[in-house]
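*Asks:* Hey, dropping run_29.csv in here, CSV, C-alpha atoms:
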chain,number,residue,atom,x,y,z
A,40,MET,CA,0.0,0.0,0.0
A,41,LYS,CA,1.3,3.4,-0.9
A,42,ILE,CA,1.8,6.1,1.8
A,43,SER,CA,-0.6,8.4,0.0
A,44,SER,CA,-3.2,5.7,0.3
A,45,VAL,CA,-2.6,5.4,4.0
A,46,LEU,CA,-3.0,9.1,4.6
A,47,ALA,CA,-6.1,9.2,2.4
A,48,ALA,CA,-7.6,6.4,4.6
A,49,ALA,CA,-7.0,8.5,7.7
A,50,VAL,CA,-8.8,11.5,6.1
A,51,ALA,CA,-11.7,9.3,5.1
A,52,LEU,CA,-12.5,8.6,8.7
A,53,THR,CA,-15.3,10.8,10.1
A,54,LEU,CA,-14.5,11.3,13.7
A,55,THR,CA,-15.9,13.5,16.4
A,56,GLY,CA,-15.2,14.1,20.1
A,57,LEU,CA,-11.4,14.6,19.9
A,58,THR,CA,-9.8,15.6,23.1
A,59,ALA,CA,-8.4,19.1,23.0
A,60,ALA,CA,-4.7,19.5,22.2
A,61,PRO,CA,-2.3,20.5,24.9
A,62,ALA,CA,-2.3,24.3,25.3
A,63,ALA,CA,0.4,25.7,23.1
A,64,THR,CA,1.0,29.1,24.6
A,65,ALA,CA,4.0,31.4,24.7
A,66,HIS,CA,5.4,32.2,28.1
A,67,ASP,CA,6.5,35.5,29.4
A,68,GLN,CA,9.8,36.4,27.7
A,69,GLY,CA,10.6,39.3,30.0
A,70,VAL,CA,8.9,41.9,27.9
A,71,ARG,CA,8.2,44.9,30.0
A,72,HIS,CA,6.3,47.2,27.7
A,73,ALA,CA,3.8,44.9,25.9
A,74,THR,CA,0.5,46.6,25.4
A,75,ILE,CA,-1.4,43.3,25.8
A,76,PRO,CA,-0.7,42.3,29.4
A,77,PHE,CA,-1.5,38.6,28.9
A,78,THR,CA,1.5,36.3,28.8
A,79,GLN,CA,-0.6,33.1,28.5
A,80,ALA,CA,-4.2,32.6,27.4
A,81,THR,CA,-6.2,29.8,25.9
A,82,VAL,CA,-9.8,28.9,25.1
A,83,THR,CA,-10.8,25.2,25.0
A,84,ALA,CA,-14.3,24.0,24.0
A,85,ALA,CA,-15.7,20.9,25.8
A,86,GLN,CA,-18.0,18.3,24.4
A,87,ASP,CA,-20.8,19.5,26.7
A,88,GLY,CA,-20.9,22.9,25.1
A,89,SER,CA,-19.0,24.7,27.8
A,90,TYR,CA,-15.7,26.6,27.4
A,91,VAL,CA,-12.7,26.7,29.6
A,92,ILE,CA,-10.7,29.9,29.6
A,93,GLU,CA,-7.3,30.2,31.2
A,94,TRP,CA,-4.9,33.2,31.4
A,95,LYS,CA,-2.0,34.8,33.1
A,96,ALA,CA,-1.5,38.5,33.2
A,97,PRO,CA,1.2,39.5,35.7
A,98,GLY,CA,0.7,42.9,37.2
A,99,VAL,CA,-3.0,43.3,36.6
A,100,ARG,CA,-5.6,43.2,39.3
A,101,GLN,CA,-8.8,42.1,37.4
A,102,VAL,CA,-9.7,40.4,34.2
A,103,ALA,CA,-13.2,40.3,32.7
A,104,VAL,CA,-14.1,37.6,30.2
A,105,GLU,CA,-16.7,38.8,27.7
A,106,ALA,CA,-18.7,36.8,25.1
A,107,ASN,CA,-21.5,38.0,22.9
A,108,GLY,CA,-21.2,41.6,24.3
A,109,ARG,CA,-21.6,40.7,27.9
A,110,THR,CA,-19.3,39.8,30.8
A,111,VAL,CA,-19.5,36.0,31.5
A,112,ALA,CA,-16.7,35.6,34.1
A,113,ARG,CA,-14.2,37.5,36.1
A,114,GLY,CA,-10.8,36.8,37.7
A,115,GLY,CA,-7.5,38.1,38.9
A,116,SER,CA,-4.1,38.2,37.3
A,117,SER,CA,-4.3,34.5,36.6
A,118,GLY,CA,-7.4,32.5,36.3
A,119,LYS,CA,-9.3,29.5,35.0
A,120,VAL,CA,-13.0,29.7,34.4
A,121,THR,CA,-15.7,27.5,32.8
A,122,VAL,CA,-18.4,29.3,30.9
A,123,ARG,CA,-21.7,27.5,30.2
A,124,GLY,CA,-25.0,28.3,28.6
A,125,LEU,CA,-23.8,30.3,25.6
A,126,PRO,CA,-25.9,30.1,22.4
A,127,ALA,CA,-24.8,27.8,19.6
A,128,ALA,CA,-22.4,29.4,17.1
A,129,ASP,CA,-20.1,28.4,14.3
A,130,ARG,CA,-17.3,29.6,16.6
A,131,GLN,CA,-17.5,31.2,20.0
A,132,TRP,CA,-15.3,34.2,20.6
A,133,PHE,CA,-14.1,35.5,24.0
A,134,THR,CA,-12.5,38.9,24.8
A,135,LEU,CA,-10.2,39.0,27.8
A,136,ASP,CA,-10.2,42.5,29.1
A,137,ALA,CA,-7.7,43.4,31.9
A,138,ASP,CA,-7.8,46.6,34.0
A,139,ARG,CA,-4.8,47.9,32.0
A,140,GLY,CA,-3.5,47.4,28.5
A,141,ARG,CA,-5.3,46.2,25.4
A,142,SER,CA,-7.8,43.4,25.4
A,143,LEU,CA,-7.2,40.0,23.8
A,144,ARG,CA,-9.7,38.2,21.5
A,145,LEU,CA,-9.5,34.4,21.4
A,146,ALA,CA,-11.5,31.3,20.4
A,147,ASP,CA,-11.0,27.6,20.6
A,148,ARG,CA,-8.3,26.7,18.1
A,149,LEU,CA,-10.1,23.6,16.7
A,150,ILE,CA,-12.7,24.1,14.0
A,151,SER,CA,-15.2,21.3,14.5
A,152,LEU,CA,-16.3,19.7,11.2
A,153,ALA,CA,-17.6,16.2,10.6
A,154,GLY,CA,-15.3,15.5,7.7
A,155,THR,CA,-12.0,16.7,9.2
A,156,VAL,CA,-10.0,16.1,12.4
A,157,ASN,CA,-7.2,18.6,12.2
A,158,PHE,CA,-8.8,21.8,11.0
A,159,ARG,CA,-7.6,24.6,13.3
A,160,ASP,CA,-6.7,28.2,13.6
A,161,ALA,CA,-3.1,29.1,13.0
A,162,GLY,CA,-3.2,32.0,15.4
A,163,GLY,CA,-3.7,32.6,19.1
A,164,TYR,CA,0.0,32.4,20.1
A,165,ARG,CA,2.2,35.0,21.8
A,166,THR,CA,5.4,36.2,20.2
A,167,ALA,CA,8.7,36.6,22.0
A,168,ASP,CA,8.3,40.4,22.1
A,169,GLY,CA,4.8,40.3,23.6
A,170,HIS,CA,2.5,40.6,20.6
A,171,TRP,CA,-0.2,38.0,19.8
A,172,VAL,CA,-1.0,36.3,16.5
A,173,LYS,CA,-4.5,37.2,15.4
A,174,MET,CA,-7.1,34.4,15.3
A,175,GLY,CA,-9.6,34.1,12.4
A,176,GLU,CA,-7.2,35.1,9.7
A,177,ILE,CA,-5.3,32.0,8.7
A,178,TYR,CA,-6.4,28.3,9.1
A,179,ARG,CA,-4.7,25.0,8.6
A,180,SER,CA,-6.3,21.6,8.0
A,181,ASP,CA,-6.2,18.0,6.8
A,182,SER,CA,-7.8,17.3,3.4
A,183,LEU,CA,-11.2,18.5,2.3
A,184,THR,CA,-12.2,15.2,0.6
A,185,LYS,CA,-15.1,14.2,2.9
A,186,PRO,CA,-16.9,17.4,4.0
A,187,THR,CA,-20.6,17.2,4.6
A,188,GLY,CA,-23.0,19.9,3.4
A,189,ASP,CA,-22.8,21.6,6.8
A,190,ASP,CA,-19.0,21.4,6.6
A,191,LEU,CA,-18.9,23.2,3.3
A,192,ALA,CA,-21.1,26.0,4.6
A,193,LYS,CA,-18.9,26.8,7.6
A,194,PRO,CA,-15.6,28.0,5.9
A,195,PRO,CA,-17.4,30.8,4.0
A,196,ARG,CA,-19.0,31.9,7.2
A,197,LEU,CA,-15.5,32.0,8.8
A,198,GLY,CA,-14.5,34.3,6.0
A,199,ILE,CA,-12.2,31.8,4.2
A,200,ARG,CA,-11.8,33.0,0.6
A,201,THR,CA,-8.5,31.2,-0.4
A,202,VAL,CA,-7.7,27.5,-0.2
A,203,SER,CA,-4.2,26.3,-0.9
A,204,ALA,CA,-3.7,22.5,-1.4
A,205,LEU,CA,-0.3,21.2,-0.6
A,206,ARG,CA,-1.0,17.7,-1.7
A,207,MET,CA,0.6,15.6,-4.5
A,208,GLU,CA,-1.1,15.1,-7.9
A,209,GLN,CA,-1.9,11.5,-7.1
A,210,GLU,CA,-3.5,12.5,-3.8
A,211,ARG,CA,-5.7,15.1,-5.5
A,212,SER,CA,-6.6,12.7,-8.2
A,213,ASP,CA,-7.5,9.8,-5.9
A,214,ALA,CA,-9.5,11.9,-3.5
A,215,PRO,CA,-10.3,15.4,-4.9
A,216,ASP,CA,-10.9,18.3,-2.5
A,217,LYS,CA,-14.4,19.7,-2.2
A,218,VAL,CA,-13.8,23.4,-2.2
A,219,PRO,CA,-16.1,25.7,-0.1
A,220,GLY,CA,-18.2,28.0,-2.1
A,221,GLY,CA,-16.7,31.4,-3.0
A,222,ALA,CA,-13.1,30.3,-2.3
A,223,THR,CA,-10.2,30.5,-4.8
A,224,TYR,CA,-8.5,27.1,-5.0
A,225,THR,CA,-4.7,27.1,-5.5
A,226,VAL,CA,-2.5,24.0,-5.9
A,227,ALA,CA,0.9,24.2,-4.2
A,228,ASP,CA,2.4,20.7,-4.5
A,229,VAL,CA,5.2,20.6,-2.0
A,230,PHE,CA,6.7,17.4,-3.2
A,231,ALA,CA,6.3,18.0,-7.0
A,232,GLY,CA,9.3,16.5,-8.8
A,233,SER,CA,10.9,15.4,-5.6
A,234,GLY,CA,10.4,11.6,-5.7
A,235,SER,CA,9.4,11.6,-2.1
A,236,PHE,CA,6.9,9.0,-0.8
A,237,THR,CA,7.1,6.7,-3.9
A,238,SER,CA,7.8,3.5,-2.0
A,239,MET,CA,7.1,2.0,1.4
A,240,PRO,CA,9.8,1.8,4.1
A,241,LYS,CA,10.7,-1.7,5.4
A,242,SER,CA,11.4,-0.9,9.0
A,243,PRO,CA,10.5,1.7,11.7
A,244,ASP,CA,13.9,3.2,11.4
A,245,GLU,CA,13.6,3.5,7.7
A,246,ALA,CA,10.2,5.1,8.1
A,247,GLU,CA,11.7,7.7,10.6
A,248,ARG,CA,14.5,8.5,8.1
A,249,MET,CA,11.9,8.9,5.4
A,250,MET,CA,10.1,11.5,7.4
A,251,VAL,CA,13.2,13.4,8.4
A,252,ASP,CA,14.3,13.4,4.7
A,253,ALA,CA,10.9,14.6,3.7
A,254,GLU,CA,11.1,17.5,6.1
A,255,ARG,CA,14.4,18.5,4.6
A,256,THR,CA,12.9,18.4,1.2
A,257,MET,CA,10.1,20.7,2.4
A,258,VAL,CA,12.8,23.3,3.1
A,259,SER,CA,15.2,23.1,0.2
A,260,GLY,CA,13.4,21.1,-2.6
A,261,SER,CA,12.6,23.0,-5.7
A,262,GLY,CA,9.0,22.0,-5.7
A,263,ALA,CA,8.7,22.9,-2.0
A,264,LYS,CA,10.2,26.4,-2.6
A,265,ALA,CA,7.7,27.0,-5.4
A,266,ALA,CA,4.8,25.7,-3.3
A,267,TYR,CA,5.6,27.6,-0.1
A,268,THR,CA,6.2,30.8,-2.1
A,269,LYS,CA,2.5,30.5,-3.2
A,270,VAL,CA,1.4,29.9,0.3
A,271,PHE,CA,3.3,32.9,1.7
A,272,ASP,CA,1.9,34.9,-1.2
A,273,GLY,CA,-1.5,34.0,0.1
A,274,PHE,CA,-0.5,35.1,3.6
A,275,THR,CA,0.8,38.5,2.4
A,276,ASP,CA,-2.2,39.2,0.1
A,277,ARG,CA,-5.4,38.5,2.0
A,278,SER,CA,-7.5,41.2,0.6
A,279,GLY,CA,-10.2,38.7,-0.3
A,280,GLY,CA,-10.5,37.3,3.2
A,281,ALA,CA,-9.1,34.5,5.4
A,282,VAL,CA,-6.7,31.8,4.1
A,283,LEU,CA,-6.8,28.0,4.5
A,284,PHE,CA,-3.9,25.8,3.6
A,285,HIS,CA,-4.0,22.0,3.9
A,286,CYS,CA,-2.4,18.7,2.9
A,287,THR,CA,-3.8,15.2,3.5
A,288,ALA,CA,-3.3,14.6,7.2
A,289,GLY,CA,-2.7,18.3,8.1
A,290,LYS,CA,0.5,17.5,9.9
A,291,ASP,CA,3.7,17.5,7.8
A,292,ARG,CA,3.5,19.8,4.8
A,293,THR,CA,0.9,21.8,6.6
A,294,GLY,CA,2.9,21.5,9.8
A,295,TRP,CA,6.0,23.0,8.2
A,296,SER,CA,4.0,25.8,6.6
A,297,ASN,CA,2.5,26.8,10.0
A,298,ALA,CA,5.9,26.5,11.7
A,299,ALA,CA,7.5,28.7,9.1
A,300,LEU,CA,4.7,31.3,9.5
A,301,LEU,CA,4.8,31.4,13.2
A,302,THR,CA,8.6,31.6,13.2
A,303,ALA,CA,8.4,34.5,10.8
A,304,LEU,CA,6.0,36.3,13.1
A,305,GLY,CA,8.3,35.9,16.0
A,306,VAL,CA,6.7,33.1,18.0
A,307,PRO,CA,9.2,31.2,20.2
A,308,ARG,CA,10.5,27.9,19.0
A,309,ASP,CA,9.0,25.9,22.0
A,310,THR,CA,5.5,27.3,21.1
A,311,VAL,CA,6.0,26.5,17.4
A,312,MET,CA,7.0,22.9,18.4
A,313,ALA,CA,4.0,22.6,20.7
A,314,ASP,CA,1.7,23.6,17.8
A,315,TYR,CA,3.3,21.2,15.5
A,316,LEU,CA,3.1,18.3,17.9
A,317,ALA,CA,-0.6,19.0,18.7
A,318,SER,CA,-1.4,17.1,15.5
A,319,ASN,CA,-0.7,13.9,17.4
A,320,THR,CA,-3.6,14.7,19.8
A,321,TYR,CA,-6.0,15.9,17.1
A,322,ARG,CA,-5.3,12.9,14.9
A,323,ALA,CA,-5.0,10.3,17.7
A,324,GLU,CA,-8.3,8.5,17.0
A,325,ALA,CA,-7.8,8.5,13.2
A,326,ASN,CA,-4.3,7.2,13.5
A,327,ASP,CA,-5.3,4.5,16.1
A,328,GLU,CA,-8.0,3.4,13.7
A,329,ILE,CA,-5.6,2.9,10.9
A,330,LEU,CA,-3.0,1.0,13.0
A,331,SER,CA,-5.7,-1.2,14.6
A,332,HIS,CA,-6.3,-2.8,11.1
A,333,LEU,CA,-2.7,-3.7,10.5
A,334,PRO,CA,-0.6,-6.6,11.7
A,335,PRO,CA,1.8,-5.5,14.5
A,336,THR,CA,4.9,-5.6,12.4
A,337,GLN,CA,3.4,-3.5,9.7
A,338,ALA,CA,1.8,-1.1,12.3
A,339,ALA,CA,5.2,-0.5,13.8
A,340,ILE,CA,6.5,0.6,10.4
A,341,TYR,CA,3.4,2.8,9.7
A,342,LYS,CA,3.4,4.6,13.0
A,343,PRO,CA,6.4,6.9,12.3
A,344,LEU,CA,4.6,7.9,9.1
A,345,LEU,CA,1.4,8.9,11.0
A,346,ASP,CA,3.2,10.6,13.9
A,347,VAL,CA,4.7,14.1,14.1
A,348,ARG,CA,7.9,14.0,16.2
A,349,PRO,CA,10.3,16.7,17.4
A,350,GLU,CA,13.1,15.3,15.3
A,351,TYR,CA,11.1,15.8,12.1
A,352,LEU,CA,10.5,19.5,12.6
A,353,ASN,CA,14.0,20.0,14.0
A,354,SER,CA,15.4,18.5,10.8
A,355,GLY,CA,13.6,21.2,8.8
A,356,PHE,CA,15.2,24.0,10.9
A,357,ASP,CA,18.5,22.3,10.7
A,358,GLU,CA,18.2,22.2,6.9
A,359,ILE,CA,17.5,26.0,7.0
A,360,THR,CA,20.8,26.5,8.8
A,361,ARG,CA,22.7,24.2,6.4
A,362,ALA,CA,21.1,25.5,3.1
A,363,TYR,CA,20.4,29.2,3.9
A,364,GLY,CA,22.4,30.1,7.0
A,365,SER,CA,19.4,31.8,8.8
A,366,PHE,CA,15.7,31.8,8.9
A,367,GLY,CA,15.6,35.3,7.4
A,368,SER,CA,17.6,34.1,4.4
A,369,TYR,CA,15.2,31.2,4.0
A,370,LEU,CA,12.2,33.5,3.9
A,371,LYS,CA,13.9,35.7,1.3
A,372,ASP,CA,15.5,33.1,-0.9
A,373,ALA,CA,13.1,30.2,-0.6
A,374,THR,CA,9.7,31.8,-0.2
A,375,ASN,CA,10.4,35.2,-1.8
A,376,VAL,CA,9.3,37.2,1.2
A,377,SER,CA,11.0,40.5,1.3
A,378,GLY,CA,11.8,42.5,4.4
A,379,HIS,CA,9.0,44.9,3.5
A,380,GLU,CA,6.5,42.1,3.0
A,381,LEU,CA,7.5,40.5,6.4
A,382,ARG,CA,6.9,43.9,8.1
A,383,GLU,CA,3.5,44.2,6.5
A,384,LEU,CA,2.7,40.6,7.4
A,385,LYS,CA,3.5,41.3,11.1
A,386,ARG,CA,1.5,44.6,10.9
A,387,GLU,CA,-1.6,42.7,9.6
A,388,LEU,CA,-1.4,39.5,11.7
A,389,LEU,CA,0.0,40.7,15.1
A,390,VAL,CA,-1.8,42.7,17.8
A,391,GLY,CA,-0.3,44.4,20.8
Can the structure from this file be put into structure tokens for me?
*Replies:*
Amino acid sequence: MKISSVLAAAVALTLTGLTAAPAATAHDQGVRHATIPFTQATVTAAQDGSYVIEWKAPGVRQVAVEANGRTVARGGSSGKVTVRGLPAADRQWFTLDADRGRSLRLADRLISLAGTVNFRDAGGYRTADGHWVKMGEIYRSDSLTKPTGDDLAKPPRLGIRTVSALRMEQERSDAPDKVPGGATYTVADVFAGSGSFTSMPKSPDEAERMMVDAERTMVSGSGAKAAYTKVFDGFTDRSGGAVLFHCTAGKDRTGWSNAALLTALGVPRDTVMADYLASNTYRAEANDEILSHLPPTQAAIYKPLLDVRPEYLNSGFDEITRAYGSFGSYLKDATNVSGHELRELKRELLVG
């Protein structure tokens, strides 16, 4: 069985009730003059319709949590509250308003659709200099091959007007994406011409090496550079609305794309890694379902292909150092993002 077929099988599973991913929040980096006082903040939706909001805002006395134009909870400089009884919505937003500084607007990162398991907001993280990446602007996902009618109606309501597919030609042919109405569809084939994923590994070690090599190809392969240039073009030109980028499992090609975006915006590496590894939680049930149908020996080989692991992402950053010398050079030479465009991207996507 080809790897693309395995990944497609994962996407075909319609799963609900995933546990929330571990909170991936940036910690206080010693910034003294940030206009947003929150150093940590997350919103997590529960299966019973309630929401858990957690925050830390050193130096403030009181924080009000607002939803739908009214205060639904209060707390001090740090807090954890559960909010219940809110009306149904495509996405529930909360505003954290402290007694000093600017407020912070957040939602649960996961976008709940019947036909996806790894559709989430790319934002909601704190940068090293105290800014926050806006939510509701850029989304990441697994493939769009099995959306329901309700699924297809939600992205337009979220303002998504551009969809970039990072999948290979065979993946798109075997399981075509169903594009939400009103969205422009762009193909950005990361592995075009690379020869990646054309044969199955014969051992777990070989599978791990394949994933590490693929991550390097995502950084310096010619097809990858062309693909991620398209993706970053979409980030820097969002006049038509929000952007969604995706591959098949939403974890490797999509994972690198989001890691590169967050790094470009100044999000610390540990937060970038936590966001990357969260795919293991979001995809846990889908991956377990695949492995449960395989003999133990074969499952051991497949597992590294279904996982995301620190050594995979780290190999991508190592490849940047080897091939480009610095992340700034990678942005300029591989994704064609100029210094001016990066400043504009930060201006548009960061608050605080």
*Asks:* Padding of 4 Å on every side, edges along x, y and z, all listed atoms of stretch 293-310 of chain A included: what centre and edge lengths in Å, to one decimal, does that box have, as AutoDock Vina command-line options?
*Replies:*
--center_x 5.7 --center_y 28.9 --center_z 14.3 --size_x 17.6 --size_y 22.8 --size_z 23.4
*Asks:* As an exercise, work out the distance from atom CA of A:Gly221 to atom CA of A:Leu283 in Å and give it to one decimal place.
*Replies:*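 According to the coordinates, atom CA of A:Gly221 and atom CA of A:Leu283 are separated by 12.9 Å.
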*Asks:* Is it possible to get the residues within 10 Å of (-11.9, 34.2, 6.5) (coordinates as in the file, counting all atoms listed in the file) written as a ChimeraX atom specification?
*Replies:* /A:175-178,194-201,222,277,279-283
*Asks:* With only C-alpha atoms as the basis for distance, which of A:Ala153, A:Leu300, A:Ala192, A:Ala80 is at the shortest distance from A:Gly273?
*Replies:*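 Checking each candidate against A:Gly273, we get A:Leu300 as the closest.
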*Asks:* Counting all atoms listed in the file, figure out which residue out of A:Thr121, A:Met174, A:Pro126, A:Ala161 gets nearest to A:Ala146.
*Replies:*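 Of A:Thr121, A:Met174, A:Pro126, A:Ala161, the one nearest A:Ala146, counting all atoms listed in the file, is A:Met174.
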*Asks:* Do a neighbour search on stretch 106-109 of chain A at 10 Å with all atoms listed in the file, toss out local chain neighbours closer than 6 positions, and write the hits as a list in words.
*Replies:* Val122, Leu125, Pro126, Gln131, Trp132, Phe133, Thr134, Leu135 and Arg144 of chain A
*Asks:* Let's have the selection written as a PDB file, in the coordinates of the input, with C-alpha atoms.
*Replies:*
ATOM      1  CA  VAL A 122     -18.400  29.300  30.900  1.00  0.00           C
ATOM      2  CA  LEU A 125     -23.800  30.300  25.600  1.00  0.00           C
ATOM      3  CA  PRO A 126     -25.900  30.100  22.400  1.00  0.00           C
ATOM      4  CA  GLN A 131     -17.500  31.200  20.000  1.00  0.00           C
ATOM      5  CA  TRP A 132     -15.300  34.200  20.600  1.00  0.00           C
ATOM      6  CA  PHE A 133     -14.100  35.500  24.000  1.00  0.00           C
ATOM      7  CA  THR A 134     -12.500  38.900  24.800  1.00  0.00           C
ATOM      8  CA  LEU A 135     -10.200  39.000  27.800  1.00  0.00           C
ATOM      9  CA  ARG A 144      -9.700  38.200  21.500  1.00  0.00           C
TER      10      ARG A 144
END
*Asks:* Would you mind reading off the distance between atom CA of A:Val347 and atom CA of A:Thr225, one decimal, in Å?
*Replies:*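 Here the two named atoms are 25.3 Å from each other.
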*Asks:* Between atom CA of A:Gln101 and atom CA of A:Gly391, what distance in Å does the model show, to one decimal?
*Replies:*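 The value is 18.8 Å.
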*Asks:* Nearest residue to A:Lys173 out of A:Ala313, A:Ala338, A:Val376, A:Leu143, using all atoms listed in the file?
*Replies:*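 With all atoms listed in the file as the atom set, the closest residue is A:Leu143.
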*Asks:* Would you kindly return, as a ChimeraX atom specification, each protein, DNA or RNA residue with an atom no farther than 12 Å from any atom of A:Arg386, considering all atoms listed in the file and excluding same-chain residues fewer than 4 positions away?
*Replies:* /A:170-173,275,304,379-382,390-391
*Asks:* Hey, which of A:Val104, A:Ala167, A:Leu370, A:Ala137 ends up closest to A:Phe77? Count all atoms listed in the file.
*Replies:*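 Among A:Val104, A:Ala167, A:Leu370, A:Ala137, it is A:Ala137 that comes nearest to A:Phe77.
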